[in-house]
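Novice: Sharing a structure with you now.
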Amino acid sequence: MTNPVTRDRRHFEDLAVGEVIALGHTKVTREMITTFAREFDPLPFHLDEKAAKASLLGGLASSGWQTGALSLRMLVDSFLSQIASTGGLGFTNLKWKNPVMVDDTIGGTVKITELRRSASHPQWGIVTLDFDIRNQQGKPVLTMRLANLVETRNAEAAA
């Protein structure tokens, strides 16, 4: 049976290994950094200018988890909202390469690196995405691998 919510979206069979998806860009403001930090990561170098300047980071910096959340938002806007995604399965190899500082603009790409059908649930496929997130100077700020479950058009084709 066809899912009416995802009927017109790209499905597992429509995706290709090697496909690169541009994620767009997001400017990270002081207000974004401190608002996120107050609620989720209240370390001094995310909240206090003086403490941040004295830290290893040298200034007010975004939480790595905020960078990850912003990266996921860009992925939803540019890709996941256009495919028959049924949810994430997890991530591996998360690396915070450089800090995201006040007024940095981050963006990047994800690349489809693997596609496989679920052996136990042929109505789903698993897409593996490699993130490459960079700041406005081209410096890498985040890399990770994400696995996502995607509906197939034809579960019987796997049999």
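Numbering starts fresh at 1 for the residues of each chain in the structure tokens, the chains themselves are lettered A, B, ... in the order given, and ligands are numbered from 1 as they appear.
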Can you pull out the residues contacting Ala61 of chain A? Cut-off 8 Å, using only C-alpha atoms, and skip same-chain residues under 4 positions away; I want them as a ChimeraX atom specification.

Specialist: /A:33,45-46,52,57,99-102

Novice: Any idea what's packed within 9 Å of Thr152 of chain A, counting only C-alpha atoms, ignoring anything in its chain fewer than 6 positions away? Could you give it as a list in words?

Specialist: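 After dropping sequence-adjacent residues, the list is His11, Phe12, Glu13, Ala84, Arg117, Pro122, Gln123, Trp124 and Gly125 of chain A.
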
Novice: Would you kindly return, as a PyMOL selection string, each protein, DNA or RNA residue with an atom no farther than 9 Å from any atom of Arg134 of chain A, considering only C-alpha atoms and excluding same-chain residues fewer than 2 positions away?

Specialist: chain A and resi 98+105-109+132+136-143

Novice: Can you pull out every residue within 7 Å of Val127 of chain A, counting only C-alpha atoms, but drop anything in the same chain fewer than 4 positions away, and send it as a ChimeraX atom specification?

Specialist: /A:112,114-116,147-149

Novice: Using only C-alpha atoms, which protein or nucleic acid residues come within 12 Å of Asp77 of chain A? Drop anything in the same chain fewer than 2 positions from it, and give the result as an mmCIF file with all heavy atoms, in the first residue's frame.

Specialist:
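This went into selection_8.cif:
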data_model
loop_
_atom_site.group_PDB
_atom_site.id
_atom_site.type_symbol
_atom_site.label_atom_id
_atom_site.label_comp_id
_atom_site.auth_asym_id
_atom_site.auth_seq_id
_atom_site.Cartn_x
_atom_site.Cartn_y
_atom_site.Cartn_z
ATOM 1 N N ILE A 21 24.399 16.120 -2.147
ATOM 2 C CA ILE A 21 23.302 17.050 -1.864
ATOM 3 C C ILE A 21 23.887 18.293 -1.205
ATOM 4 O O ILE A 21 24.555 18.205 -0.172
ATOM 5 C CB ILE A 21 22.244 16.407 -0.932
ATOM 6 C CG1 ILE A 21 21.618 15.186 -1.589
ATOM 7 C CG2 ILE A 21 21.178 17.407 -0.536
ATOM 8 C CD1 ILE A 21 22.216 13.886 -1.183
ATOM 9 N N ALA A 22 23.654 19.452 -1.824
ATOM 10 C CA ALA A 22 24.071 20.725 -1.242
ATOM 11 C C ALA A 22 23.096 21.084 -0.127
ATOM 12 O O ALA A 22 21.876 21.015 -0.312
ATOM 13 C CB ALA A 22 24.099 21.814 -2.309
ATOM 14 N N LEU A 23 23.633 21.479 1.018
ATOM 15 C CA LEU A 23 22.798 21.738 2.191
ATOM 16 C C LEU A 23 22.416 23.202 2.381
ATOM 17 O O LEU A 23 21.599 23.511 3.236
ATOM 18 C CB LEU A 23 23.512 21.251 3.461
ATOM 19 C CG LEU A 23 23.793 19.757 3.516
ATOM 20 C CD1 LEU A 23 24.531 19.425 4.804
ATOM 21 C CD2 LEU A 23 22.515 18.954 3.401
ATOM 22 N N GLY A 24 23.005 24.097 1.650
ATOM 23 C CA GLY A 24 22.741 25.507 1.896
ATOM 24 C C GLY A 24 23.620 26.015 3.020
ATOM 25 O O GLY A 24 24.614 25.377 3.383
ATOM 26 N N HIS A 25 23.248 27.156 3.581
ATOM 27 C CA HIS A 25 24.085 27.820 4.588
ATOM 28 C C HIS A 25 23.245 28.379 5.718
ATOM 29 O O HIS A 25 22.078 28.726 5.519
ATOM 30 C CB HIS A 25 24.872 28.964 3.935
ATOM 31 C CG HIS A 25 25.832 28.489 2.916
ATOM 32 N ND1 HIS A 25 25.482 28.348 1.588
ATOM 33 C CD2 HIS A 25 27.117 28.076 3.017
ATOM 34 C CE1 HIS A 25 26.521 27.887 0.919
ATOM 35 N NE2 HIS A 25 27.525 27.716 1.762
ATOM 36 N N THR A 26 23.862 28.481 6.882
ATOM 37 C CA THR A 26 23.228 29.063 8.069
ATOM 38 C C THR A 26 24.247 29.958 8.771
ATOM 39 O O THR A 26 25.364 29.513 9.050
ATOM 40 C CB THR A 26 22.772 27.963 9.046
ATOM 41 O OG1 THR A 26 21.813 27.135 8.400
ATOM 42 C CG2 THR A 26 22.156 28.562 10.303
ATOM 43 N N LEU A 70 22.127 22.111 13.703
ATOM 44 C CA LEU A 70 21.976 22.998 12.533
ATOM 45 C C LEU A 70 22.245 22.235 11.238
ATOM 46 O O LEU A 70 21.564 22.451 10.226
ATOM 47 C CB LEU A 70 22.911 24.200 12.659
ATOM 48 C CG LEU A 70 22.563 25.187 13.770
ATOM 49 C CD1 LEU A 70 23.700 26.177 13.984
ATOM 50 C CD2 LEU A 70 21.253 25.907 13.471
ATOM 51 N N SER A 71 23.198 21.320 11.276
ATOM 52 C CA SER A 71 23.496 20.493 10.099
ATOM 53 C C SER A 71 22.312 19.598 9.763
ATOM 54 O O SER A 71 21.947 19.435 8.589
ATOM 55 C CB SER A 71 24.747 19.648 10.343
ATOM 56 O OG SER A 71 25.863 20.470 10.581
ATOM 57 N N LEU A 72 21.695 19.017 10.792
ATOM 58 C CA LEU A 72 20.515 18.186 10.563
ATOM 59 C C LEU A 72 19.374 19.017 9.994
ATOM 60 O O LEU A 72 18.670 18.570 9.082
ATOM 61 C CB LEU A 72 20.082 17.488 11.852
ATOM 62 C CG LEU A 72 18.884 16.566 11.715
ATOM 63 C CD1 LEU A 72 19.151 15.441 10.715
ATOM 64 C CD2 LEU A 72 18.490 16.002 13.064
ATOM 65 N N ARG A 73 19.188 20.234 10.502
ATOM 66 C CA ARG A 73 18.124 21.098 9.974
ATOM 67 C C ARG A 73 18.349 21.381 8.489
ATOM 68 O O ARG A 73 17.408 21.336 7.687
ATOM 69 C CB ARG A 73 18.061 22.409 10.773
ATOM 70 C CG ARG A 73 17.029 23.402 10.228
ATOM 71 C CD ARG A 73 15.649 22.734 10.196
ATOM 72 N NE ARG A 73 14.715 23.464 9.392
ATOM 73 C CZ ARG A 73 13.668 24.126 9.884
ATOM 74 N NH1 ARG A 73 13.450 24.145 11.187
ATOM 75 N NH2 ARG A 73 12.860 24.749 9.080
ATOM 76 N N MET A 74 19.592 21.666 8.116
ATOM 77 C CA MET A 74 19.887 21.900 6.700
ATOM 78 C C MET A 74 19.618 20.637 5.883
ATOM 79 O O MET A 74 19.132 20.719 4.750
ATOM 80 C CB MET A 74 21.330 22.375 6.525
ATOM 81 C CG MET A 74 21.574 23.787 7.031
ATOM 82 S SD MET A 74 23.243 24.427 6.670
ATOM 83 C CE MET A 74 24.235 23.504 7.856
ATOM 84 N N LEU A 75 19.907 19.452 6.452
ATOM 85 C CA LEU A 75 19.647 18.199 5.757
ATOM 86 C C LEU A 75 18.150 17.987 5.552
ATOM 87 O O LEU A 75 17.713 17.581 4.474
ATOM 88 C CB LEU A 75 20.241 17.017 6.531
ATOM 89 C CG LEU A 75 20.030 15.648 5.897
ATOM 90 C CD1 LEU A 75 20.822 15.518 4.602
ATOM 91 C CD2 LEU A 75 20.385 14.539 6.866
ATOM 92 N N PHE A 79 16.945 17.843 1.786
ATOM 93 C CA PHE A 79 16.923 16.458 1.317
ATOM 94 C C PHE A 79 15.860 15.594 1.986
ATOM 95 O O PHE A 79 14.990 15.038 1.309
ATOM 96 C CB PHE A 79 18.314 15.834 1.510
ATOM 97 C CG PHE A 79 18.454 14.428 1.013
ATOM 98 C CD1 PHE A 79 18.321 14.127 -0.333
ATOM 99 C CD2 PHE A 79 18.732 13.388 1.892
ATOM 100 C CE1 PHE A 79 18.457 12.825 -0.793
ATOM 101 C CE2 PHE A 79 18.873 12.084 1.445
ATOM 102 C CZ PHE A 79 18.741 11.802 0.094
ATOM 103 N N LEU A 80 15.910 15.461 3.308
ATOM 104 C CA LEU A 80 15.011 14.515 3.977
ATOM 105 C C LEU A 80 13.535 14.849 3.780
ATOM 106 O O LEU A 80 12.708 13.946 3.725
ATOM 107 C CB LEU A 80 15.337 14.413 5.471
ATOM 108 C CG LEU A 80 16.674 13.779 5.836
ATOM 109 C CD1 LEU A 80 16.829 13.701 7.349
ATOM 110 C CD2 LEU A 80 16.849 12.410 5.197
ATOM 111 N N SER A 81 13.206 16.121 3.650
ATOM 112 C CA SER A 81 11.801 16.502 3.431
ATOM 113 C C SER A 81 11.339 16.201 2.007
ATOM 114 O O SER A 81 10.155 16.306 1.706
ATOM 115 C CB SER A 81 11.607 17.990 3.737
ATOM 116 O OG SER A 81 12.382 18.780 2.843
ATOM 117 N N GLN A 82 12.265 15.800 1.143
ATOM 118 C CA GLN A 82 11.939 15.497 -0.249
ATOM 119 C C GLN A 82 11.992 14.008 -0.562
ATOM 120 O O GLN A 82 11.709 13.593 -1.676
ATOM 121 C CB GLN A 82 12.897 16.257 -1.172
ATOM 122 C CG GLN A 82 12.791 17.754 -0.994
ATOM 123 C CD GLN A 82 13.965 18.488 -1.607
ATOM 124 O OE1 GLN A 82 14.668 17.962 -2.464
ATOM 125 N NE2 GLN A 82 14.197 19.700 -1.158
ATOM 126 N N ILE A 83 12.402 13.217 0.421
ATOM 127 C CA ILE A 83 12.434 11.769 0.217
ATOM 128 C C ILE A 83 11.456 11.109 1.195
ATOM 129 O O ILE A 83 10.970 11.745 2.123
ATOM 130 C CB ILE A 83 13.858 11.184 0.373
ATOM 131 C CG1 ILE A 83 14.352 11.265 1.824
ATOM 132 C CG2 ILE A 83 14.841 11.857 -0.591
ATOM 133 C CD1 ILE A 83 15.640 10.486 2.081
#

Novice: As a JSON list (two decimals) with N, CA and C atoms, in the first residue's frame, please: the residues near Pro42 of chain A (cut-off 12 Å, only C-alpha atoms, same-chain neighbours under 4 positions excluded).

Specialist:
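Result went into result-v2.json, see below:
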[["chain", "number", "residue", "atom", "x", "y", "z"],
["A", 33, "ILE", "N", 23.90, 31.08, 19.66],
["A", 33, "ILE", "CA", 24.86, 30.33, 20.47],
["A", 33, "ILE", "C", 24.46, 30.34, 21.94],
["A", 34, "THR", "N", 24.17, 31.51, 22.48],
["A", 34, "THR", "CA", 23.88, 31.60, 23.91],
["A", 34, "THR", "C", 22.52, 31.01, 24.25],
["A", 35, "THR", "N", 21.55, 31.16, 23.37],
["A", 35, "THR", "CA", 20.23, 30.57, 23.62],
["A", 35, "THR", "C", 20.33, 29.05, 23.69],
["A", 36, "PHE", "N", 21.01, 28.45, 22.72],
["A", 36, "PHE", "CA", 21.20, 27.00, 22.72],
["A", 36, "PHE", "C", 21.98, 26.56, 23.96],
["A", 37, "ALA", "N", 23.06, 27.28, 24.24],
["A", 37, "ALA", "CA", 23.93, 26.89, 25.37],
["A", 37, "ALA", "C", 23.21, 26.97, 26.71],
["A", 38, "ARG", "N", 22.41, 28.01, 26.91],
["A", 38, "ARG", "CA", 21.69, 28.13, 28.18],
["A", 38, "ARG", "C", 20.81, 26.90, 28.43],
["A", 46, "HIS", "N", 30.56, 28.81, 25.83],
["A", 46, "HIS", "CA", 29.36, 28.97, 24.99],
["A", 46, "HIS", "C", 28.49, 30.11, 25.50],
["A", 47, "LEU", "N", 28.79, 30.63, 26.69],
["A", 47, "LEU", "CA", 27.91, 31.61, 27.33],
["A", 47, "LEU", "C", 28.55, 32.94, 27.68],
["A", 48, "ASP", "N", 29.81, 32.92, 28.06],
["A", 48, "ASP", "CA", 30.45, 34.10, 28.63],
["A", 48, "ASP", "C", 31.64, 34.54, 27.77],
["A", 61, "ALA", "N", 31.91, 30.39, 21.21],
["A", 61, "ALA", "CA", 31.79, 29.35, 20.18],
["A", 61, "ALA", "C", 30.50, 28.56, 20.37],
["A", 62, "SER", "N", 29.98, 28.11, 19.27],
["A", 62, "SER", "CA", 28.79, 27.26, 19.26],
["A", 62, "SER", "C", 29.12, 25.91, 19.89],
["A", 63, "SER", "N", 28.14, 25.33, 20.57],
["A", 63, "SER", "CA", 28.27, 23.96, 21.02],
["A", 63, "SER", "C", 28.38, 23.04, 19.80],
["A", 65, "TRP", "N", 27.12, 20.23, 19.62],
["A", 65, "TRP", "CA", 25.79, 19.66, 19.45],
["A", 65, "TRP", "C", 24.88, 20.62, 18.68],
["A", 66, "GLN", "N", 25.08, 21.92, 18.87],
["A", 66, "GLN", "CA", 24.32, 22.89, 18.10],
["A", 66, "GLN", "C", 24.73, 22.83, 16.63]]

Novice: Which residue out of A:Thr67, A:Gly88, A:Arg9, A:Glu19 has the minimum interatomic distance to Asp104 of chain A when only C-alpha atoms are used?

Specialist: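 The closest residue to Asp104 of chain A is A:Thr67.
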
Novice: Can you pull out every residue from chain A that DSSP, working from the backbone, puts in alpha helix (DSSP H), and format the result as a PyMOL selection string?

Specialist: chain A and resi 30-40+44-47+49-54+64-78

Novice: Please, which residues of chain A, numbered as in this document, come out strand (DSSP E) from DSSP, as a VMD selection string?

Specialist: chain A and resid 20 to 28 85 to 96 104 to 117 124 to 134 140 to 151
